[in-house]
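Enquirer: Sending over a structure as structure tokens; questions will come in a sec.
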Amino acid sequence: MINVTGLDDAAAVIADAMEQQQHLGVQAMATKAALGRDADYDDVINVSAFSGIIDYQPDELILTLRAGTPMHEVESTLASANQMLAFEVPDLHKILASQSAGTIGGVLATNASGPRRLTAGAARDYLLGFDAISGRGERFKSGGKVVKNVTGYDLSKLICGSYGTLAIFDEVTLKTLPKPETNISLLFPCDDLSAAVARIAGIFASPHEPNAAAILPQAIAAKAGIDVAGVMLAIIRLEGIDVSVADRAAHLLAAHKEGVKLDNDASTALWQQIRDVDLLAEADGDIWKLSCAPASAPAIIATLFDQFDFQFFADWAGGLLWLAGPSGAEFGTAMRSALAANGNGHAQLIRDSGNSKNVIAPLQPLSSAHYALHKRVKAAFDPRSVLNFGRMHDGI
């Protein structure tokens, strides 16, 4: 393992690796090492020293920090000013068997985004700028410390979710948001998954401004300590100023007579379990993450239930499905076939409980055109394939 303290150190290491034709892994706390392919590297660059808050301006909603800063430090800093990261960072340490939520760099590298993604956007939408070193050993900057910055290419959208295959970043600047005064959840029992998706769609089409929505089957809801009368439980979250939240909740409950309200503390605890996938942490088998159109979720789940025994719940109004099922290629292949038959989407293996990665690609395979595009982008940033080669897709 090669420990570096800054981008200049990293540049020297990359230059040596290019000369010796080596592939290097990149990590800080390694809490997300289970995500993606198990690639074979000649050595590992450790960037855990890239840590610390550089500048925080609460009045401007701007936070600048080093990429290796632990998430607990980020969250405590923001909490001191009653602020938050808008994209609601998931802490997957239970299902990934890691020690913590990791670093802000790992969050950005995987574009990790929680329940508020449905209405607020993803991690990439709040990265204003960064300082990085490419796989060429060349230092570059993108964006800046203001929201309105349109100079050059918007590389933030490209770098986020690239799993460290294009560059190593150090200083990053994020937009923050004030924490809402309160949040409550409204629980609506439904007869089936289709009814739950339709109920949520109707509420989101109303003027009541929900900001998150999930669907729990009865057995999963019981794990969260909720007794459900229906087969499915549709959950709507409202956030904001106390009086506004109370008024919106009252109108929704009046329109949907069977609804039940969870106040701030109980609502916060429930959404943390949903965000962190704690509801499947004790389940046997692999855990998969499926992204699809919400309207396609019932058909996808029905197709899989015809073939397998598994547990699931939905976030993002049905557009994000978390499934825990049998290890091996058969389950993953069936999921991808179901997605292809129902409008397409992405299926990613999150927790491998056996040897699934050896028999099926953990990230959604690319079409030939998309694979060629990824190859060109990789070549532009890292022509010798120094950084995290093969972490996302074979040969990239």
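Lettering and numbering for the structure tokens are positional, with chains as A, B, ... in the shown order, residues counted from 1 in each chain, and ligands counted from 1 in the shown order.
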Which residues of stretch 68-109 of chain A come within 10 Å of stretch 123-127 of chain A, and for each one, what is the closest pair of atoms and their distance in Å to one decimal, counting only C-alpha atoms, sorted by chain and residue number, as a tab-separated table?
Expert:
```
residue	atom	partner	partner_atom	distance
A:Leu85	CA	A:Tyr126	CA	8.3
A:Ala86	CA	A:Tyr126	CA	7.8
A:Phe87	CA	A:Ala123	CA	5.6
A:Glu88	CA	A:Ala123	CA	8.6
A:Val89	CA	A:Ala123	CA	8.2
A:Val107	CA	A:Ala123	CA	7.7
A:Leu108	CA	A:Ala123	CA	6.3
A:Ala109	CA	A:Arg124	CA	9.4
```
Enquirer: List the spatial neighbours of A:Arg248 as an NGL selection string - criterion: any atom at most 10 Å away, only C-alpha atoms, same-chain residues fewer than 5 positions off excluded.
Expert: :A and (207-210 or 238-239 or 243 or 253-254)
Enquirer: Do you know which residues are at most 6 Å from stretch 304-318 of chain A counting only C-alpha atoms, after dropping those on the same chain fewer than 6 positions away, and could you put them as a list in words?
Expert: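 The contact residues come out as Leu118, Ala213, Ala214, Ile215, Leu216, Pro294, Ala324 and Gly325 of chain A.
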Enquirer: May I have the residues from that selection written out with C-alpha atoms, as a short mmCIF file (atom, residue, chain, number, x, y, z; two decimals), in the first residue's frame?
Expert:
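The new file again10.cif reads:
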```
data_model
loop_
_atom_site.label_atom_id
_atom_site.label_comp_id
_atom_site.auth_asym_id
_atom_site.auth_seq_id
_atom_site.Cartn_x
_atom_site.Cartn_y
_atom_site.Cartn_z
CA LEU A 118 -36.42 11.37 -5.65
CA ALA A 213 -41.81 7.80 -0.80
CA ALA A 214 -41.22 4.12 -0.05
CA ILE A 215 -43.17 0.86 -0.15
CA LEU A 216 -42.74 -1.90 2.43
CA PRO A 294 -41.91 3.04 -10.72
CA ALA A 324 -32.32 -9.98 -0.92
CA GLY A 325 -32.31 -13.36 -2.64
#
```
Enquirer: Would you kindly return, as number ranges by chain, each protein, DNA or RNA residue with an atom no farther than 12 Å from any atom of A:Val260, considering only C-alpha atoms and excluding same-chain residues fewer than 5 positions away?
Expert: A: 184-189, 226-229, 233-237, 249-250, 252-254, 267
Enquirer: Excluding A:Asp278 and its own-chain neighbours fewer than 6 positions away, which residues fall within 10 Å of it when counting only C-alpha atoms? Please give them as a PDB file with C-alpha atoms, in the first residue's frame.
Expert:
```pdb
ATOM      1  CA  ASP A  91     -24.777   4.464   5.484  1.00  0.00           C
ATOM      2  CA  LEU A  92     -24.506   0.909   4.144  1.00  0.00           C
ATOM      3  CA  HIS A  93     -22.043  -0.398   6.723  1.00  0.00           C
ATOM      4  CA  LYS A  94     -24.469  -3.045   7.982  1.00  0.00           C
ATOM      5  CA  ILE A  95     -25.087  -4.702   4.632  1.00  0.00           C
ATOM      6  CA  LYS A 223     -39.190  -5.547  10.980  1.00  0.00           C
ATOM      7  CA  ALA A 224     -39.467  -1.763  11.248  1.00  0.00           C
ATOM      8  CA  LEU A 270     -38.007   4.752   9.918  1.00  0.00           C
ATOM      9  CA  GLN A 272     -32.942   5.916   8.418  1.00  0.00           C
TER      10      GLN A 272
END
```
Enquirer: I need the residue nearest A:Gln27 from this list: A:Glu171, A:Asp276, A:Asp263, A:Asp43. Use only C-alpha atoms for the distance.
Expert: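 When distances to A:Gln27 are compared using only C-alpha atoms, the smallest one comes from A:Asp43.
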Enquirer: Let me make sure I understand: among A:Gly240, A:Pro362, A:Gly230, A:Gly225, which one has the smallest atom-to-atom distance to A:Gly390 if we use only C-alpha atoms?
Expert: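 Using only C-alpha atoms, the shortest distance to A:Gly390 belongs to A:Pro362.
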Enquirer: Considering only strand (DSSP E or B) as DSSP defines it on the backbone, what residues of stretch 152-365 of chain A qualify? List them as a PyMOL selection string.
Expert: chain A and resi 167-175+177-178+182-190+212-217+232-240+260-262+286-291+311-315+320-325+346-351
Enquirer: Could you check the closest approach to A:Asp382 for each of A:Thr268, A:Thr110, A:Ser48, A:Thr165 and tell me which residue wins, using only C-alpha atoms?
Expert: A:Thr165
Enquirer: Could you work out how far atom CA of A:Ile133 lies from atom CA of A:Tyr56, giving the answer in Å with one decimal?
Expert: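 These two atoms are separated by 23.5 Å.
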Enquirer: Apply DSSP to the backbone of this structure and, from stretch 159-375 of chain A, keep only the residues in alpha helix (DSSP H); write these as a ChimeraX atom specification.
Expert: /A:159,193-204,218-223,242-255,264-275,297-305,329-341,368-375
Enquirer: So that I can check the surroundings of A:Glu73, please list as JSON, numbers by chain every protein, DNA and RNA residue that reaches within 10 Å of it, counting only C-alpha atoms and ignoring chain neighbours fewer than 6 positions away.
Expert: {"A": [51, 52, 53, 79, 103, 104]}
Enquirer: Would you mind telling me which residue in A:Gln22, A:Ser353, A:Thr31, A:Asn46 lies nearest to A:Ile2 when using only C-alpha atoms?
Expert: A:Asn46
